[in-house]
Amino acid sequence: MTPRASQPPVTVRTFTQRFSATRRGARLARLLAAQQAVDWGVPRGTTAHEALVTVVGELAANAVLHGRVPGRDFELHLRRGDGCVHVEVSDTHQRRPTLLPAGLDAEGGRGLVLVGALALRWGVRERNGPGKTVWAECATRFSSARPAPPERRRPEGGPDGGPGPG
């Protein structure tokens with residue numbers, strides 16, 4: 001018997017999954033994004049991995065807590081790029097997220113501040129069908145160049161988040 005010719009490995013550059021708009025769905029989205037990052041060569045425990053997983057977790061939690069429409073799911077889409085992962089979380093609620101100053105004693109309101117601090121850039125755009133897509137780009141490796149501090153960074157696309165890339 002002759003050995004089979006080896007085929008090049010399949011390189012999957014995208015991951016898309018719909019989740020129930022529940023806390024359990026948000027947790028599963030975060031866990032699957034963490035595994036996908038490892039599959040794409042971003043090791044667990046690295047700054048890049050932790051930043052990506054945190055961004056996905058915050059965007060998924062926002063879709064569940066603020067973007068939930070009864071009977072509708074949310075969708076996570078990850079796209080591997082050169083040096084970054086493009087994250088998109090889509091839900092069917094029309095209201096766009098806004099950055100609000102969180103009080104020192106507030107239990108919430110810091111999710112988008114975290115996204116702004118950890119992502120290279122982020123924004124909001126309309127989606128096909130009802131709702132919106134909140135997107136972020138996360139570095140898969142870090143160099144000496146660091147993103148700007150959160151107080152100087154704003155969502156792309158104008159004061160209401162406006163259309164973003166892609």
# chains A, B, ... in the order shown; residues from 1 in each chain; ligands from 1
$ residues_around --residues "Val56 of chain A" --least-positions-apart "5" --cutoff "12 Å" --atoms "only C-alpha atoms" --output "number ranges by chain"
A: 25-34, 36-37, 49-51, 61-63, 75-78, 85-90, 111-112, 114-115, 118-119, 122, 134-138
$ select_by_dssp --residues "segment 76-116 of chain A" --states "helix (DSSP H, G or I)" --output "list in words"
Gly111, Leu112, Val113, Leu114, Val115 and Gly116 of chain A
$ write_last_selection --atoms "N, CA and C atoms" --output "compact mmCIF listing (two decimals), in the first residue's frame"
# COMPACT_ATOMS: atom_id res chain seq x y z
N GLY A 111 -18.50 47.96 30.80
CA GLY A 111 -18.19 47.00 29.75
C GLY A 111 -17.58 47.63 28.52
N LEU A 112 -18.19 48.71 28.02
CA LEU A 112 -17.65 49.34 26.81
C LEU A 112 -16.35 50.09 27.10
N VAL A 113 -16.15 50.52 28.33
CA VAL A 113 -14.87 51.12 28.70
C VAL A 113 -13.78 50.05 28.60
N LEU A 114 -14.08 48.84 29.08
CA LEU A 114 -13.13 47.73 28.95
C LEU A 114 -12.86 47.40 27.49
N VAL A 115 -13.91 47.34 26.69
CA VAL A 115 -13.75 47.06 25.26
C VAL A 115 -12.85 48.11 24.63
N GLY A 116 -13.10 49.39 24.94
CA GLY A 116 -12.28 50.47 24.39
C GLY A 116 -10.83 50.39 24.82
$ residues_around --residues "Asp82 of chain A" --least-positions-apart "5" --cutoff "12 Å" --atoms "only C-alpha atoms" --output "ChimeraX atom specification"
/A:13,40,137-141
$ closest_residue --among "A:Arg18, A:Arg110, A:Arg96, A:Arg80" --to "Gly123 of chain A" --atoms "only C-alpha atoms"
A:Arg96
$ select_by_dssp --residues "segment 8-133 of chain A" --states "strand (DSSP E)" --output "number ranges by chain"
A: 14-19, 74-80, 84-91, 121-126, 132-133
